[in-house]
Structure formats: C-alpha cells, structure tokens
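Student: Below you'll find protein06.cif; it's mmCIF, C-alpha atoms.
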```
data_work
loop_
_atom_site.group_PDB
_atom_site.id
_atom_site.type_symbol
_atom_site.label_atom_id
_atom_site.label_comp_id
_atom_site.auth_asym_id
_atom_site.auth_seq_id
_atom_site.Cartn_x
_atom_site.Cartn_y
_atom_site.Cartn_z
ATOM 1 C CA MET A 1127 164.203 -170.935 66.043
ATOM 2 C CA LEU A 1128 167.310 -172.274 64.266
ATOM 3 C CA PRO A 1129 168.380 -175.920 63.987
ATOM 4 C CA PRO A 1130 171.075 -176.941 66.504
ATOM 5 C CA LYS A 1131 173.779 -177.307 63.822
ATOM 6 C CA VAL A 1132 173.068 -173.805 62.537
ATOM 7 C CA ARG A 1133 173.161 -172.361 66.059
ATOM 8 C CA GLU A 1134 176.489 -174.092 66.630
ATOM 9 C CA LEU A 1135 177.897 -172.549 63.457
ATOM 10 C CA VAL A 1136 176.642 -169.110 64.496
ATOM 11 C CA GLN A 1137 178.426 -169.478 67.824
ATOM 12 C CA LEU A 1138 181.649 -170.414 66.021
ATOM 13 C CA PHE A 1139 181.442 -167.357 63.764
ATOM 14 C CA ALA A 1140 180.743 -165.184 66.805
ATOM 15 C CA ARG A 1141 184.141 -166.148 68.245
ATOM 16 C CA LEU A 1142 185.881 -164.211 65.494
ATOM 17 C CA PRO A 1143 187.223 -160.724 66.338
ATOM 18 C CA SER A 1144 184.690 -157.907 65.956
ATOM 19 C CA VAL A 1145 181.903 -160.348 65.050
ATOM 20 C CA GLY A 1146 178.861 -160.282 67.316
ATOM 21 C CA GLU A 1147 176.086 -162.854 67.435
ATOM 22 C CA LYS A 1148 173.802 -160.927 65.071
ATOM 23 C CA THR A 1149 176.556 -160.477 62.504
ATOM 24 C CA ALA A 1150 177.510 -164.131 62.831
ATOM 25 C CA GLN A 1151 173.898 -165.168 62.279
ATOM 26 C CA ARG A 1152 173.715 -162.962 59.183
ATOM 27 C CA PHE A 1153 176.877 -164.564 57.778
ATOM 28 C CA VAL A 1154 175.613 -168.092 58.349
ATOM 29 C CA LEU A 1155 172.136 -167.507 56.940
ATOM 30 C CA HIS A 1156 173.602 -165.785 53.880
ATOM 31 C CA LEU A 1157 175.902 -168.726 53.180
ATOM 32 C CA LEU A 1158 173.200 -171.339 53.722
ATOM 33 C CA THR A 1159 170.390 -169.652 51.799
ATOM 34 C CA ARG A 1160 172.084 -167.604 49.080
ATOM 35 C CA GLU A 1161 175.513 -169.133 48.487
ATOM 36 C CA PRO A 1162 175.442 -172.840 49.393
ATOM 37 C CA ASP A 1163 178.296 -173.555 46.945
ATOM 38 C CA THR A 1164 180.457 -170.981 48.714
ATOM 39 C CA ALA A 1165 179.564 -172.565 52.043
ATOM 40 C CA ARG A 1166 180.737 -175.973 50.822
ATOM 41 C CA THR A 1167 183.950 -174.484 49.409
ATOM 42 C CA LEU A 1168 184.586 -172.585 52.631
ATOM 43 C CA GLY A 1169 184.021 -175.697 54.702
ATOM 44 C CA GLY A 1170 186.451 -177.702 52.601
ATOM 45 C CA ALA A 1171 189.120 -174.983 52.757
ATOM 46 C CA LEU A 1172 188.821 -174.698 56.539
ATOM 47 C CA SER A 1173 189.133 -178.461 56.994
ATOM 48 C CA GLU A 1174 192.298 -178.560 54.886
ATOM 49 C CA ILE A 1175 194.062 -175.486 56.201
ATOM 50 C CA ALA A 1176 194.807 -176.900 59.661
ATOM 51 C CA GLY A 1177 197.055 -179.545 58.174
ATOM 52 C CA ALA A 1178 198.509 -177.362 55.430
ATOM 53 C CA ILE A 1179 199.543 -174.288 57.460
ATOM 54 C CA ALA A 1180 202.066 -174.166 60.283
ATOM 55 C CA SER A 1181 204.138 -171.609 62.150
ATOM 56 C CA CYS A 1182 207.424 -170.642 60.521
ATOM 57 C CA ASP A 1183 210.256 -172.245 62.496
ATOM 58 C CA ARG A 1184 212.439 -169.175 62.041
ATOM 59 C CA CYS A 1185 210.171 -166.154 62.603
ATOM 60 C CA GLY A 1186 206.700 -167.322 63.709
ATOM 61 C CA ASN A 1187 204.874 -166.160 60.587
ATOM 62 C CA LEU A 1188 202.388 -168.431 58.803
ATOM 63 C CA ALA A 1189 203.958 -170.930 56.430
ATOM 64 C CA GLU A 1190 202.860 -173.835 54.274
ATOM 65 C CA ARG A 1191 203.961 -177.227 55.493
ATOM 66 C CA ASP A 1192 206.665 -178.720 53.319
ATOM 67 C CA ALA A 1193 206.911 -182.437 52.730
ATOM 68 C CA ARG A 1194 210.665 -182.094 52.265
ATOM 69 C CA PRO A 1195 212.915 -182.530 55.319
ATOM 70 C CA GLY A 1196 214.156 -179.458 57.102
ATOM 71 C CA PRO A 1197 212.597 -176.467 58.875
ATOM 72 C CA THR A 1198 209.234 -175.046 57.861
ATOM 73 C CA LEU A 1199 209.862 -171.555 56.508
ATOM 74 C CA CYS A 1200 207.507 -168.803 55.353
ATOM 75 C CA THR A 1201 207.909 -166.992 52.036
ATOM 76 C CA ILE A 1202 209.681 -164.066 53.728
ATOM 77 C CA CYS A 1203 212.305 -166.244 55.403
ATOM 78 C CA ARG A 1204 212.878 -168.021 52.081
ATOM 79 C CA ASP A 1205 213.572 -164.713 50.327
ATOM 80 C CA THR A 1206 217.365 -164.467 50.010
ATOM 81 C CA ARG A 1207 217.176 -160.925 48.614
ATOM 82 C CA ARG A 1208 216.429 -159.451 52.042
ATOM 83 C CA ASP A 1209 218.951 -157.885 54.410
ATOM 84 C CA PRO A 1210 219.962 -160.620 56.891
ATOM 85 C CA ALA A 1211 221.533 -158.104 59.279
ATOM 86 C CA SER A 1212 218.206 -156.311 59.870
ATOM 87 C CA LEU A 1213 215.457 -157.840 62.003
ATOM 88 C CA CYS A 1214 212.027 -156.409 62.852
ATOM 89 C CA VAL A 1215 210.313 -157.615 66.032
ATOM 90 C CA VAL A 1216 206.504 -157.477 65.982
ATOM 91 C CA ALA A 1217 203.814 -158.644 68.358
ATOM 92 C CA ARG A 1218 201.412 -160.204 65.832
ATOM 93 C CA ILE A 1219 201.358 -161.548 62.311
ATOM 94 C CA GLN A 1220 198.907 -158.764 61.427
ATOM 95 C CA ASP A 1221 201.600 -156.226 62.342
ATOM 96 C CA LEU A 1222 204.096 -158.005 60.099
ATOM 97 C CA MET A 1223 201.631 -157.840 57.211
ATOM 98 C CA SER A 1224 201.046 -154.116 57.722
ATOM 99 C CA ILE A 1225 204.780 -153.381 57.644
ATOM 100 C CA GLU A 1226 205.207 -155.526 54.542
ATOM 101 C CA ARG A 1227 202.485 -153.582 52.731
ATOM 102 C CA SER A 1228 204.408 -150.359 53.353
ATOM 103 C CA SER A 1229 207.505 -151.734 51.539
ATOM 104 C CA ALA A 1230 209.572 -149.645 53.985
ATOM 105 C CA PHE A 1231 211.430 -152.584 55.570
ATOM 106 C CA ARG A 1232 213.469 -155.148 53.652
ATOM 107 C CA GLY A 1233 214.930 -157.247 56.422
ATOM 108 C CA TYR A 1234 213.510 -160.275 58.191
ATOM 109 C CA TYR A 1235 210.983 -160.578 61.030
ATOM 110 C CA PHE A 1236 210.447 -162.165 64.420
ATOM 111 C CA VAL A 1237 206.884 -162.545 65.742
ATOM 112 C CA LEU A 1238 206.543 -162.531 69.538
ATOM 113 C CA GLY A 1239 202.950 -163.748 69.456
ATOM 114 C CA LYS A 1240 201.918 -161.640 72.457
ATOM 115 C CA LEU A 1241 202.848 -158.604 74.516
ATOM 116 C CA LEU A 1242 204.136 -158.348 78.046
ATOM 117 C CA SER A 1243 201.019 -157.737 80.158
ATOM 118 C CA PRO A 1244 201.226 -158.287 83.945
ATOM 119 C CA LEU A 1245 197.535 -157.424 84.344
ATOM 120 C CA GLU A 1246 196.630 -160.345 82.078
ATOM 121 C CA GLY A 1247 199.186 -162.676 83.617
ATOM 122 C CA VAL A 1248 201.602 -162.518 80.675
ATOM 123 C CA GLY A 1249 205.101 -162.261 82.101
ATOM 124 C CA ALA A 1250 208.531 -162.262 80.509
ATOM 125 C CA ASP A 1251 208.681 -166.058 80.663
ATOM 126 C CA ALA A 1252 205.694 -166.254 78.299
ATOM 127 C CA LEU A 1253 207.560 -164.432 75.518
ATOM 128 C CA PRO A 1254 210.102 -166.167 73.223
ATOM 129 C CA ILE A 1255 212.941 -163.914 74.337
ATOM 130 C CA GLU A 1256 215.597 -166.631 74.340
ATOM 131 C CA GLU A 1257 214.598 -167.691 70.819
ATOM 132 C CA LEU A 1258 214.933 -164.047 69.781
ATOM 133 C CA ARG A 1259 218.392 -163.853 71.338
ATOM 134 C CA GLN A 1260 219.449 -166.942 69.433
ATOM 135 C CA ARG A 1261 218.142 -165.420 66.213
ATOM 136 C CA VAL A 1262 220.144 -162.234 66.769
ATOM 137 C CA ARG A 1263 223.345 -164.114 67.578
ATOM 138 C CA GLY A 1264 223.376 -165.720 64.159
ATOM 139 C CA THR A 1265 224.616 -169.155 63.105
ATOM 140 C CA ASP A 1266 226.867 -170.682 60.506
ATOM 141 C CA GLU A 1267 223.938 -170.466 58.064
ATOM 142 C CA ARG A 1268 222.837 -166.932 59.034
ATOM 143 C CA PRO A 1269 225.011 -163.872 59.719
ATOM 144 C CA LEU A 1270 224.819 -161.888 62.925
ATOM 145 C CA VAL A 1271 221.932 -159.418 63.166
ATOM 146 C CA THR A 1272 223.282 -155.896 63.653
ATOM 147 C CA GLU A 1273 220.017 -153.913 63.921
ATOM 148 C CA VAL A 1274 216.773 -154.914 65.594
ATOM 149 C CA LEU A 1275 213.756 -152.708 64.904
ATOM 150 C CA VAL A 1276 211.152 -153.132 67.649
ATOM 151 C CA ALA A 1277 207.724 -152.499 66.113
ATOM 152 C CA THR A 1278 205.427 -153.210 69.037
ATOM 153 C CA PRO A 1279 202.334 -150.990 69.465
ATOM 154 C CA PRO A 1280 202.732 -147.589 71.200
ATOM 155 C CA SER A 1281 200.691 -148.785 74.180
ATOM 156 C CA VAL A 1282 201.612 -149.479 77.802
ATOM 157 C CA ASP A 1283 202.078 -153.192 77.073
ATOM 158 C CA GLY A 1284 203.850 -152.447 73.812
ATOM 159 C CA GLU A 1285 206.317 -150.084 75.461
ATOM 160 C CA ALA A 1286 206.992 -152.548 78.277
ATOM 161 C CA THR A 1287 207.648 -155.272 75.725
ATOM 162 C CA ALA A 1288 209.982 -153.008 73.762
ATOM 163 C CA LEU A 1289 212.008 -152.275 76.902
ATOM 164 C CA LEU A 1290 212.193 -155.994 77.699
ATOM 165 C CA VAL A 1291 213.441 -156.769 74.191
ATOM 166 C CA ALA A 1292 216.029 -153.970 74.340
ATOM 167 C CA GLN A 1293 217.365 -155.152 77.704
ATOM 168 C CA ALA A 1294 217.624 -158.735 76.446
ATOM 169 C CA LEU A 1295 219.415 -157.847 73.213
ATOM 170 C CA ARG A 1296 221.684 -155.023 74.319
ATOM 171 C CA PRO A 1297 224.423 -157.371 75.678
ATOM 172 C CA LEU A 1298 224.631 -159.036 72.245
ATOM 173 C CA GLY A 1299 225.895 -155.847 70.624
ATOM 174 C CA ALA A 1300 223.009 -155.335 68.207
ATOM 175 C CA GLN A 1301 221.626 -151.838 67.737
ATOM 176 C CA VAL A 1302 218.035 -151.834 69.022
ATOM 177 C CA THR A 1303 215.790 -149.179 67.452
ATOM 178 C CA ARG A 1304 212.126 -148.318 67.974
ATOM 179 C CA ILE A 1305 209.527 -147.309 65.408
ATOM 180 C CA ALA A 1306 208.571 -143.652 65.621
ATOM 181 C CA SER A 1307 205.017 -142.711 66.516
ATOM 182 C CA GLY A 1308 203.162 -139.465 66.114
ATOM 183 C CA VAL A 1309 200.257 -137.771 64.369
ATOM 184 C CA PRO A 1310 199.148 -140.073 61.516
ATOM 185 C CA HIS A 1311 199.148 -138.881 57.928
ATOM 186 C CA GLY A 1312 195.886 -137.096 57.267
ATOM 187 C CA GLY A 1313 195.115 -136.923 60.980
ATOM 188 C CA ASP A 1314 193.969 -133.840 62.864
ATOM 189 C CA ILE A 1315 196.169 -132.568 65.690
ATOM 190 C CA GLU A 1316 193.052 -131.381 67.524
ATOM 191 C CA PHE A 1317 191.949 -134.970 68.164
ATOM 192 C CA ALA A 1318 195.375 -136.494 68.901
ATOM 193 C CA ASP A 1319 196.015 -137.622 72.475
ATOM 194 C CA PRO A 1320 198.797 -135.988 74.552
ATOM 195 C CA VAL A 1321 201.114 -139.015 74.327
ATOM 196 C CA THR A 1322 200.872 -139.054 70.536
ATOM 197 C CA ILE A 1323 201.541 -135.309 70.284
ATOM 198 C CA GLY A 1324 204.452 -135.610 72.706
ATOM 199 C CA ARG A 1325 206.049 -138.356 70.626
ATOM 200 C CA ALA A 1326 205.505 -136.398 67.437
ATOM 201 C CA ILE A 1327 207.300 -133.388 68.896
ATOM 202 C CA ALA A 1328 210.133 -135.463 70.409
ATOM 203 C CA GLY A 1329 210.724 -137.139 67.039
ATOM 204 C CA ARG A 1330 210.698 -133.928 65.018
ATOM 205 C CA ARG A 1331 213.215 -133.528 62.186
ATOM 206 C CA GLY A 1332 214.333 -130.845 59.817
ATOM 207 C CA LEU A 1333 212.387 -130.002 56.666
ATOM 208 C CA GLU A 1334 214.195 -130.788 53.445
#
```
Render the structure in this file as structure tokens.

Tutor:
Amino acid sequence: MLPPKVRELVQLFARLPSVGEKTAQRFVLHLLTREPDTARTLGGALSEIAGAIASCDRCGNLAERDARPGPTLCTICRDTRRDPASLCVVARIQDLMSIERSSAFRGYYFVLGKLLSPLEGVGADALPIEELRQRVRGTDERPLVTEVLVATPPSVDGEATALLVAQALRPLGAQVTRIASGVPHGGDIEFADPVTIGRAIAGRRGLE
C-alpha cells in the first residue's frame, strides 16, 4: 500500500531500539504528511553527521571531527578541570551520559563498547582491555590513573566484565572500585529482586 521508498524508510526506522514496524510507519507518515520541512532537515542532518562525528581517540565517546592535526577528542577529554587520576569505565556511551547527568563523578571516562558475553560470542579479546591498561598507565602528557571506577551494569555480563577489568588492572597498582547497587530511590522493597536486596544490605552504611 506504500511506495517502495516509503517502505524502505519505514524499515530503516524499525531498526532503531524499541521501535516496531507500526511505530516506524507512524513516524514516517507523520514526517511526510505533516512536517515535510522537518523531514528535509532531518535528512540533511543525518547525511552530514556521519562525516562530522567520530569516536574519541582517548575514551570512545562521541566527538566532533577536528580539521586540526592531532587526536580527535570529545568535550569531556578536552576538559582540563577534571581529575586526571580518576577514571570511570562504562559499557556504553548512554551509561556515560547518565553518570554525567548525576554530576557525581568529575574524572574521565573509558567506554568499552560492549560487555563480556560468552553466550553471544563476545570474549575477552573483543574488549579493548589493552587500550584500557595503556590509559591507566599514563603517559608524559597524562598522569597515572590511581582509581578506576567500574560502572558496568549489575547483570551477569556486567559483573563478568567488571571482574575482567579488575584482574587486568590490578597489577598496575590502581585502585579498582565498583559502583554500588541496591534499591533505587523511590523504589518499593516489595518488588525488588533478591540480588538487588542482597546488594543493598551488603552495602549498608551508618545513618548520619
């Protein structure tokens, strides 16, 4: 019922996370029938972004390509006000963004890009562990990292990845810490799973 080009666009939208075919079709029809100017702007932005955005050479975050010589760095890695001795290891850029919004961490980041998952064929060799080790060691331009906060998800794959990171970095002398996990703020203990409750109890602290 739809022209081939429209069907192709629907299929492309449907590849996005949490977007089914019906939702994708609704997006496309809305853009084509109600907001054609937005559709043209969106198309132009998407065509330009591939050449304008790259992976940060230092941490793996998104960064704008720079015409000047030298490494491509994101805004976080360019921020000299941060603590260079503190490094947070995350699995995805989305995790980095969530931590940044909390304003609770003022060091730098390292994005793994994926989690250790034997069931999906992702082994230790698929993770940038050696690049992480080099980052922790420091260079003439960057001081040695003394604390590495591992902020991988509290899942089976996330825990396995955290253990892998700790084993790889422990010989370098850096203190490897793990984010705490427990009952979320505003959550109900009744509906928390046993692992979450167990972690909340194990990480208990005194009331001030």

Student: Measure the distance from CA of Arg1207 in chain A to CA of Gln1260 in chain A in Å and round it to one decimal.

Tutor: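 Separating CA of Arg1207 in chain A from CA of Gln1260 in chain A is a distance of 21.8 Å.
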
Student: Evaluating the PyMOL selection byres ((chain A and resi 1198) around 6) on the displayed file yields which residues, as JSON, numbers by chain?

Tutor: {"A": [1182, 1183, 1197, 1199]}

Student: Quick one: pull the distance between CA of Gly1239 in chain A and CA of Cys1214 in chain A, Å, one decimal.

Tutor: 13.4 Å

Student: Expressed in Å to a single decimal, how great is the separation between CA of Pro1130 in chain A and CA of Ser1144 in chain A?

Tutor: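 Rounded to one decimal, the two atoms are 23.4 Å apart.
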
Student: Give me the result of the PyMOL selection byres ((chain A and resi 1252) around 10) on this file, residue by residue, as a PyMOL selection string.

Tutor: chain A and resi 1238-1243+1247-1251+1253-1255

Student: Determine the nearest neighbour of Phe1153 in chain A from the options A:Ala1165, A:Asp1314, A:Ala1176, A:Pro1279, counting only C-alpha atoms.

Tutor: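 Nearest candidate to Phe1153 in chain A out of A:Ala1165, A:Asp1314, A:Ala1176, A:Pro1279: A:Ala1165.
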
Student: Evaluating the PyMOL selection byres ((chain A and resi 1326) around 12) on the displayed file yields which residues, as a list in words?

Tutor: Ile1305, Ala1306, Ser1307, Gly1308, Val1309, Pro1310, His1311, Ile1315, Ala1318, Asp1319, Pro1320, Val1321, Thr1322, Ile1323, Gly1324, Arg1325, Ile1327, Ala1328, Gly1329, Arg1330 and Arg1331 of chain A

Student: Any chance you could work out the axis-aligned box around range 1190-1196 of chain A, listed atoms only, 6 Å on each side, giving centre and edge lengths in Å to one decimal, as JSON?

Tutor:
```
{"center_x": 208.5, "center_y": -178.2, "center_z": 54.7, "size_x": 23.3, "size_y": 20.7, "size_z": 16.8}
```

Student: Looking at A:Ile1219, A:Leu1142, A:Val1274, A:Val1237, which one is nearest to Val1262 in chain A, with distances taken over only C-alpha atoms?

Tutor: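 Residue with the minimum atom-to-atom distance to Val1262 in chain A: A:Val1274.
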
Student: Between A:Leu1138, A:Leu1172, A:Leu1158, A:Leu1290, single out the one closest to Arg1259 in chain A, counting all atoms listed in the file.

Tutor: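 Using all atoms listed in the file, the shortest distance to Arg1259 in chain A belongs to A:Leu1290.
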
Student: Please determine, counting all atoms listed in the file, which residue among A:Ala1193, A:Arg1304, A:Glu1316, A:Asp1205 has the shortest atom-to-atom distance to Glu1285 in chain A.

Tutor: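 Residue with the minimum atom-to-atom distance to Glu1285 in chain A: A:Arg1304.
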